[in-house]
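A.B. asks: First the structure, which I've put down as structure tokens, then a few questions once you've had a look.
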Amino acid sequence: MKPIITISLFWLLTVFIGLHLPGCAADTIYRTQDAQGNITYSDIPAPDAKPLNLSPIPHRTRHQVVKVLDGDTVVLKGGERVRLLGINAPEVKSRYRDGEAGSIAAKEWLQEKLKNRKVYLEYDQQKHDHYNRLLAHLYLPNGEHLNLMLVEKGLAVVNLLPPNLRHADAMIRAQQRAERQKSGIWSLPDYQTRPLTQISQKSRGWQRFLGTPMSLKKNKRYTQLVLNNQVDIRIDNNNLALFPALETYLHKSLEIRGWVSHRNDHYSILIHHPSALVLH
């Protein structure tokens with residue numbers, strides 16, 4: 001007599017739903033095999049049961065892109081704007097700001113990739129940002145992941161904002177390759193590391209600074225790595241679990257990647273993810 005395989009109805013329904021509805025994932029499933037070789041899969045743990053790691057297929061929806069605004073923002077048919085998740089491309093020139101180095105190259109590359117083609121949107125934990133733009137990873141019908149390709153070609157940098165961390169590891173590895181090869185913006189003077197002494201109220205856009213954290217401060221909202229009496233790094237306390245113990249950064253040469261904000265003569269760089277802090 002052949003062994004029997006038993007699968008709970010709950011598991012079948014959960015896997016089916018998880019593969020077809022956005023944001024829905026199957027719970028942990030357990031595999032049990034008895035002395036006769038009969039195998040049971042269930043959502044209910046039992047003695048000697050082994051949990052299975054199930055990776056639900058992300059839900060994607062097909063759209064038509066009608067306009068590329070820059071290297072990380074597009075407009076869909078119907079007028080809805082999409083901000084590409086996990087990355088930041090240089091800002092193009094507008095009536096409100098000067099263009100940043102590398103902005104035209106990123107925009108033109110994305111325009112060429114999307115020319116007369118459908119695109120698939122894959123969402124993460126948050127579907128919209130505070131500007132009510134859609135937040136998504138963009139895929140071509142052939143499977144090309146445009147967010148990732150922009151990073152790998154040095155046309156954009158990694159900008160991970162919790163809780164939207166899908167594909168984070170792949171993004172970080174792509175950026176490391178681009179840096180090693182000095183692709184795109186990594187070869188441009190505007191994106192080279194600079195000492196903290198060059199921070200000023202004229203600091204604009206995504207920047208790279210070198211400094212050494214000397215102490216820690218903490219309040220109800222942020223933990224600060226203090227670089228000197230004028231500059232600090234801020235980390236939202238809700239994101240601390242993503243970081244190693246912040247003491248490991250103290251008294252070490254550190255590259256800080258991000259945007260500078262200032263109040264009077266004090267400067268701060270808000271960091272959301274450890275990928276923006278690179279030990280030297």
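Here, A, B, ... name the chains of the structure tokens in the order displayed, residue numbers run from 1 inside each chain, and ligands are numbered from 1 in the same displayed order.
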Please tabulate, as a tab-separated table, the residues of stretch 251-276 of chain A that come within 9 Å of stretch 211-235 of chain A, each with its closest pair of atoms and the distance in Å to one decimal, counting only C-alpha atoms and ordering rows by chain, then residue number upward.
C.D. replies:
residue	atom	partner	partner_atom	distance
A:His251	CA	A:Met214	CA	5.5
A:Lys252	CA	A:Thr212	CA	5.4
A:Ser253	CA	A:Thr212	CA	4.8
A:Leu254	CA	A:Gly211	CA	5.4
A:Glu255	CA	A:Gly211	CA	6.5
A:Ile256	CA	A:Gly211	CA	7.6
A:Asp265	CA	A:Gln230	CA	6.8
A:His266	CA	A:Gln230	CA	4.7
A:Tyr267	CA	A:Val231	CA	4.7
A:Ser268	CA	A:Asp232	CA	5.0
A:Ile269	CA	A:Ile233	CA	4.9
A:Leu270	CA	A:Arg234	CA	4.7
A:Ile271	CA	A:Ile235	CA	5.4
A:His272	CA	A:Ile235	CA	6.3
A:His273	CA	A:Ile235	CA	8.4
A.B. asks: Excluding A:Arg173 and its own-chain neighbours fewer than 6 positions away, which residues fall within 12 Å of it when counting only C-alpha atoms? Please give them as a list of chain:residue names.
C.D. replies: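 Returned residues: A:Leu148, A:Met149, A:Val151, A:Glu152, A:Val157, A:Val158, A:His167, A:Glu179, A:Arg180, A:Ser275.
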A.B. asks: Tell me, which residues of stretch 126-221 of chain A carry DSSP helix (DSSP H, G or I), written as a ChimeraX atom specification?
C.D. replies: /A:146-152,168-181,184-187,189-191,196-198
A.B. asks: List every residue of stretch 149-174 of chain A that has an atom at most 10 Å from any atom of stretch 73-97 of chain A, giving for each one its closest atom pair and the distance in Å to one decimal, counting only C-alpha atoms, sorted by chain and then by ascending residue number, as a tab-separated table.
C.D. replies:
residue	atom	partner	partner_atom	distance
A:Leu150	CA	A:Ile87	CA	8.3
A:Val151	CA	A:Ile87	CA	7.2
A:Gly154	CA	A:Ala89	CA	9.3
A:Leu155	CA	A:Ala89	CA	6.4
A:Ala156	CA	A:Ala89	CA	4.2
A:Val157	CA	A:Asn88	CA	5.3
A:Val158	CA	A:Ile87	CA	4.5
A:Asn159	CA	A:Ile87	CA	4.6
A:Leu160	CA	A:Gly86	CA	4.8
A:Leu161	CA	A:Gly86	CA	7.0
A:Pro162	CA	A:Gly86	CA	9.6
A:Asn164	CA	A:Gly86	CA	7.6
A:Leu165	CA	A:Gly86	CA	7.4
A:Arg166	CA	A:Gly86	CA	8.3
A:His167	CA	A:Gly86	CA	8.2
A:Ala168	CA	A:Gly86	CA	7.3
A:Met171	CA	A:Gly86	CA	7.6
A:Ile172	CA	A:Gly86	CA	9.7
A.B. asks: Would you mind listing what lies within 7 Å of A:Tyr123 as a list in words, with only C-alpha atoms counted and same-chain residues fewer than 2 positions away left out?
C.D. replies: Leu121, Gln125, Lys127, Leu135, Ala136 and His137 of chain A
A.B. asks: Limited to all heavy atoms, could you put the picked residues into a file as an mmCIF file, in the first residue's frame?
C.D. replies:
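Listed below is the output, result34.cif:
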data_model
loop_
_atom_site.group_PDB
_atom_site.id
_atom_site.type_symbol
_atom_site.label_atom_id
_atom_site.label_comp_id
_atom_site.auth_asym_id
_atom_site.auth_seq_id
_atom_site.Cartn_x
_atom_site.Cartn_y
_atom_site.Cartn_z
ATOM 1 N N LEU A 121 3.406 46.305 -12.102
ATOM 2 C CA LEU A 121 3.689 46.930 -10.815
ATOM 3 C C LEU A 121 3.592 45.889 -9.705
ATOM 4 O O LEU A 121 2.612 45.142 -9.625
ATOM 5 C CB LEU A 121 2.696 48.060 -10.523
ATOM 6 C CG LEU A 121 3.082 49.464 -10.997
ATOM 7 C CD1 LEU A 121 3.251 49.481 -12.510
ATOM 8 C CD2 LEU A 121 2.035 50.483 -10.568
ATOM 9 N N GLN A 125 4.755 46.767 1.404
ATOM 10 C CA GLN A 125 3.866 46.933 2.550
ATOM 11 C C GLN A 125 2.977 48.170 2.427
ATOM 12 O O GLN A 125 1.828 48.167 2.850
ATOM 13 C CB GLN A 125 4.695 47.026 3.837
ATOM 14 C CG GLN A 125 5.518 45.783 4.131
ATOM 15 C CD GLN A 125 4.656 44.563 4.312
ATOM 16 O OE1 GLN A 125 3.710 44.580 5.103
ATOM 17 N NE2 GLN A 125 4.948 43.497 3.582
ATOM 18 N N LYS A 127 1.257 50.963 -0.144
ATOM 19 C CA LYS A 127 0.923 51.135 -1.564
ATOM 20 C C LYS A 127 1.053 52.588 -2.016
ATOM 21 O O LYS A 127 1.269 52.848 -3.205
ATOM 22 C CB LYS A 127 -0.497 50.625 -1.824
ATOM 23 C CG LYS A 127 -0.831 50.473 -3.298
ATOM 24 C CD LYS A 127 -2.171 49.793 -3.510
ATOM 25 C CE LYS A 127 -2.488 49.655 -4.985
ATOM 26 N NZ LYS A 127 -3.789 48.991 -5.222
ATOM 27 N N LEU A 135 3.560 53.354 -4.808
ATOM 28 C CA LEU A 135 4.918 52.892 -4.528
ATOM 29 C C LEU A 135 5.046 51.483 -5.080
ATOM 30 O O LEU A 135 4.284 50.593 -4.690
ATOM 31 C CB LEU A 135 5.180 52.890 -3.023
ATOM 32 C CG LEU A 135 5.094 54.239 -2.310
ATOM 33 C CD1 LEU A 135 5.172 54.053 -0.804
ATOM 34 C CD2 LEU A 135 6.205 55.172 -2.795
ATOM 35 N N ALA A 136 6.001 51.261 -5.971
ATOM 36 C CA ALA A 136 6.037 49.955 -6.628
ATOM 37 C C ALA A 136 7.402 49.618 -7.187
ATOM 38 O O ALA A 136 8.237 50.492 -7.443
ATOM 39 C CB ALA A 136 5.004 49.911 -7.755
ATOM 40 N N HIS A 137 7.604 48.316 -7.374
ATOM 41 C CA HIS A 137 8.699 47.802 -8.195
ATOM 42 C C HIS A 137 8.140 47.601 -9.591
ATOM 43 O O HIS A 137 7.027 47.079 -9.759
ATOM 44 C CB HIS A 137 9.224 46.482 -7.631
ATOM 45 C CG HIS A 137 9.940 46.641 -6.335
ATOM 46 N ND1 HIS A 137 11.290 46.912 -6.261
ATOM 47 C CD2 HIS A 137 9.498 46.590 -5.054
ATOM 48 C CE1 HIS A 137 11.655 47.003 -4.984
ATOM 49 N NE2 HIS A 137 10.594 46.824 -4.236
#
A.B. asks: My list of candidates is A:Lys67, A:Arg60, A:His280, A:Lys50. Which is closest to A:Gln33 when distances are computed with only C-alpha atoms?
C.D. replies: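 Among the listed residues, the smallest separation from A:Gln33 belongs to A:Lys50.
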A.B. asks: Kindly give the distance, in Å, that separates atom CA of A:Tyr249 and atom CA of A:Gln192, rounded to a single decimal.
C.D. replies: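 Computing the Euclidean distance for atom CA of A:Tyr249 and atom CA of A:Gln192 yields 21.2 Å.
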A.B. asks: Give the strand (DSSP E or B) residues of stretch 58-109 of chain A, as assigned by DSSP on the backbone, as a list in words.
C.D. replies: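 Result set for stretch 58-109 of chain A (strand (DSSP E or B)): Arg60, Thr61, Arg62, His63, Gln64, Val65, Val66, Lys67, Val68, Leu69, Asp70, Thr73, Val74, Val75, Leu76, Arg81, Val82, Arg83, Leu84, Ile87 and Asn88 of chain A.
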A.B. asks: Between A:Arg31, A:Thr248, A:Ile199, A:Pro163, single out the one closest to A:Asp129, counting only C-alpha atoms.
C.D. replies: A:Pro163
A.B. asks: Neighbours of A:Arg208 within 12 Å (only C-alpha atoms; same-chain residues fewer than 4 positions away dropped), as a list in words?
C.D. replies: Val157, Trp186, Pro189, Asp190, Tyr191, Gln192, Thr193, Arg194, Pro195, Leu196, Gln198, Ile199, Ser203, Arg204, Leu254, Glu255, Ile256, Arg257, Gly258, Trp259, Val260, Ile269, Ala276, Leu277 and Val278 of chain A
A.B. asks: How would the residues just chosen look if you wrote them out with N, CA and C atoms as a PDB file, in the first residue's frame?
C.D. replies:
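Full text of again_12.pdb as output:
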ATOM      1  N   VAL A 157      20.571  55.339  -6.790  1.00  0.00           N
ATOM      2  CA  VAL A 157      21.178  54.786  -5.581  1.00  0.00           C
ATOM      3  C   VAL A 157      20.098  54.093  -4.754  1.00  0.00           C
ATOM      4  N   TRP A 186      28.594  56.868  -9.801  1.00  0.00           N
ATOM      5  CA  TRP A 186      29.730  56.564  -8.922  1.00  0.00           C
ATOM      6  C   TRP A 186      31.049  57.082  -9.481  1.00  0.00           C
ATOM      7  N   PRO A 189      32.018  63.538 -10.096  1.00  0.00           N
ATOM      8  CA  PRO A 189      32.534  64.314  -8.955  1.00  0.00           C
ATOM      9  C   PRO A 189      31.463  64.674  -7.929  1.00  0.00           C
ATOM     10  N   ASP A 190      30.245  64.932  -8.365  1.00  0.00           N
ATOM     11  CA  ASP A 190      29.183  65.349  -7.446  1.00  0.00           C
ATOM     12  C   ASP A 190      28.828  64.280  -6.416  1.00  0.00           C
ATOM     13  N   TYR A 191      29.184  63.032  -6.679  1.00  0.00           N
ATOM     14  CA  TYR A 191      28.777  61.941  -5.787  1.00  0.00           C
ATOM     15  C   TYR A 191      29.949  61.286  -5.061  1.00  0.00           C
ATOM     16  N   GLN A 192      31.093  61.943  -5.038  1.00  0.00           N
ATOM     17  CA  GLN A 192      32.222  61.414  -4.280  1.00  0.00           C
ATOM     18  C   GLN A 192      32.067  61.793  -2.801  1.00  0.00           C
ATOM     19  N   THR A 193      32.713  61.029  -1.922  1.00  0.00           N
ATOM     20  CA  THR A 193      32.625  61.320  -0.487  1.00  0.00           C
ATOM     21  C   THR A 193      33.337  62.636  -0.166  1.00  0.00           C
ATOM     22  N   ARG A 194      32.782  63.335   0.822  1.00  0.00           N
ATOM     23  CA  ARG A 194      33.350  64.606   1.254  1.00  0.00           C
ATOM     24  C   ARG A 194      33.452  64.645   2.769  1.00  0.00           C
ATOM     25  N   PRO A 195      34.388  65.410   3.304  1.00  0.00           N
ATOM     26  CA  PRO A 195      34.492  65.518   4.764  1.00  0.00           C
ATOM     27  C   PRO A 195      33.338  66.318   5.344  1.00  0.00           C
ATOM     28  N   LEU A 196      33.067  66.097   6.613  1.00  0.00           N
ATOM     29  CA  LEU A 196      31.978  66.817   7.284  1.00  0.00           C
ATOM     30  C   LEU A 196      32.154  68.324   7.237  1.00  0.00           C
ATOM     31  N   GLN A 198      32.634  70.126   4.920  1.00  0.00           N
ATOM     32  CA  GLN A 198      32.027  70.707   3.727  1.00  0.00           C
ATOM     33  C   GLN A 198      30.501  70.766   3.792  1.00  0.00           C
ATOM     34  N   ILE A 199      29.902  70.290   4.887  1.00  0.00           N
ATOM     35  CA  ILE A 199      28.456  70.440   5.057  1.00  0.00           C
ATOM     36  C   ILE A 199      28.125  71.911   5.234  1.00  0.00           C
ATOM     37  N   SER A 203      24.126  72.532   0.965  1.00  0.00           N
ATOM     38  CA  SER A 203      24.138  71.099   0.648  1.00  0.00           C
ATOM     39  C   SER A 203      22.758  70.673   0.161  1.00  0.00           C
ATOM     40  N   ARG A 204      22.692  70.153  -1.046  1.00  0.00           N
ATOM     41  CA  ARG A 204      21.420  69.780  -1.651  1.00  0.00           C
ATOM     42  C   ARG A 204      21.503  68.360  -2.210  1.00  0.00           C
ATOM     43  N   LEU A 254      33.205  56.506   9.204  1.00  0.00           N
ATOM     44  CA  LEU A 254      31.900  56.098   8.704  1.00  0.00           C
ATOM     45  C   LEU A 254      31.493  56.968   7.525  1.00  0.00           C
ATOM     46  N   GLU A 255      31.011  56.327   6.476  1.00  0.00           N
ATOM     47  CA  GLU A 255      30.430  57.064   5.359  1.00  0.00           C
ATOM     48  C   GLU A 255      28.925  57.123   5.552  1.00  0.00           C
ATOM     49  N   ILE A 256      28.384  58.342   5.510  1.00  0.00           N
ATOM     50  CA  ILE A 256      26.952  58.557   5.725  1.00  0.00           C
ATOM     51  C   ILE A 256      26.346  58.996   4.399  1.00  0.00           C
ATOM     52  N   ARG A 257      25.287  58.304   3.970  1.00  0.00           N
ATOM     53  CA  ARG A 257      24.657  58.576   2.690  1.00  0.00           C
ATOM     54  C   ARG A 257      23.221  59.043   2.895  1.00  0.00           C
ATOM     55  N   GLY A 258      22.900  60.214   2.377  1.00  0.00           N
ATOM     56  CA  GLY A 258      21.538  60.693   2.528  1.00  0.00           C
ATOM     57  C   GLY A 258      21.416  62.178   2.271  1.00  0.00           C
ATOM     58  N   TRP A 259      20.370  62.760   2.845  1.00  0.00           N
ATOM     59  CA  TRP A 259      20.046  64.166   2.636  1.00  0.00           C
ATOM     60  C   TRP A 259      20.296  64.950   3.918  1.00  0.00           C
ATOM     61  N   VAL A 260      20.870  66.121   3.774  1.00  0.00           N
ATOM     62  CA  VAL A 260      21.196  66.972   4.917  1.00  0.00           C
ATOM     63  C   VAL A 260      20.045  67.920   5.197  1.00  0.00           C
ATOM     64  N   ILE A 269      21.482  64.301   9.423  1.00  0.00           N
ATOM     65  CA  ILE A 269      21.211  63.406   8.303  1.00  0.00           C
ATOM     66  C   ILE A 269      20.340  62.265   8.833  1.00  0.00           C
ATOM     67  N   ALA A 276      22.717  52.730   4.439  1.00  0.00           N
ATOM     68  CA  ALA A 276      23.160  54.113   4.242  1.00  0.00           C
ATOM     69  C   ALA A 276      24.335  54.477   5.148  1.00  0.00           C
ATOM     70  N   LEU A 277      24.812  53.536   5.927  1.00  0.00           N
ATOM     71  CA  LEU A 277      25.985  53.745   6.776  1.00  0.00           C
ATOM     72  C   LEU A 277      27.042  52.704   6.413  1.00  0.00           C
ATOM     73  N   VAL A 278      28.187  53.170   5.919  1.00  0.00           N
ATOM     74  CA  VAL A 278      29.235  52.260   5.444  1.00  0.00           C
ATOM     75  C   VAL A 278      30.503  52.486   6.254  1.00  0.00           C
TER      76      VAL A 278
END
A.B. asks: Considering only C-alpha atoms, state which residue in the set A:Thr197, A:Ser103, A:Gln207, A:His59 is at the smallest distance from A:Tyr139.
C.D. replies: A:His59
A.B. asks: I'd like to know which of A:Glu112, A:Ala105, A:Gln126, A:Ala241 is closest to A:Ser183, using only C-alpha atoms.
C.D. replies: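 Closest to A:Ser183, using only C-alpha atoms: A:Ala105.
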A.B. asks: Smallest atom-to-atom distance to A:Lys153: which of A:Pro274, A:Pro141, A:Gly184, A:Pro47, using only C-alpha atoms?
C.D. replies: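 Once distances to A:Lys153 are computed over only C-alpha atoms, the minimum belongs to A:Gly184.
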A.B. asks: Between A:Asp236, A:Gly205, A:His130, A:Ser261, which is the closest to A:Asp98 once you count only C-alpha atoms?
C.D. replies: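 Answer, going by the shortest atom-to-atom distance: A:Gly205.
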A.B. asks: One decimal, in Å: what's the spacing between atom CA of A:Ser187 and atom CA of A:Glu108?
C.D. replies: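 Separating atom CA of A:Ser187 from atom CA of A:Glu108 is a distance of 18.5 Å.
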A.B. asks: Can you tell me how far atom CA of A:Gly143 sits from atom CA of A:Ala174, in Å to one decimal?
C.D. replies: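 Separation of atom CA of A:Gly143 and atom CA of A:Ala174: 16.6 Å.
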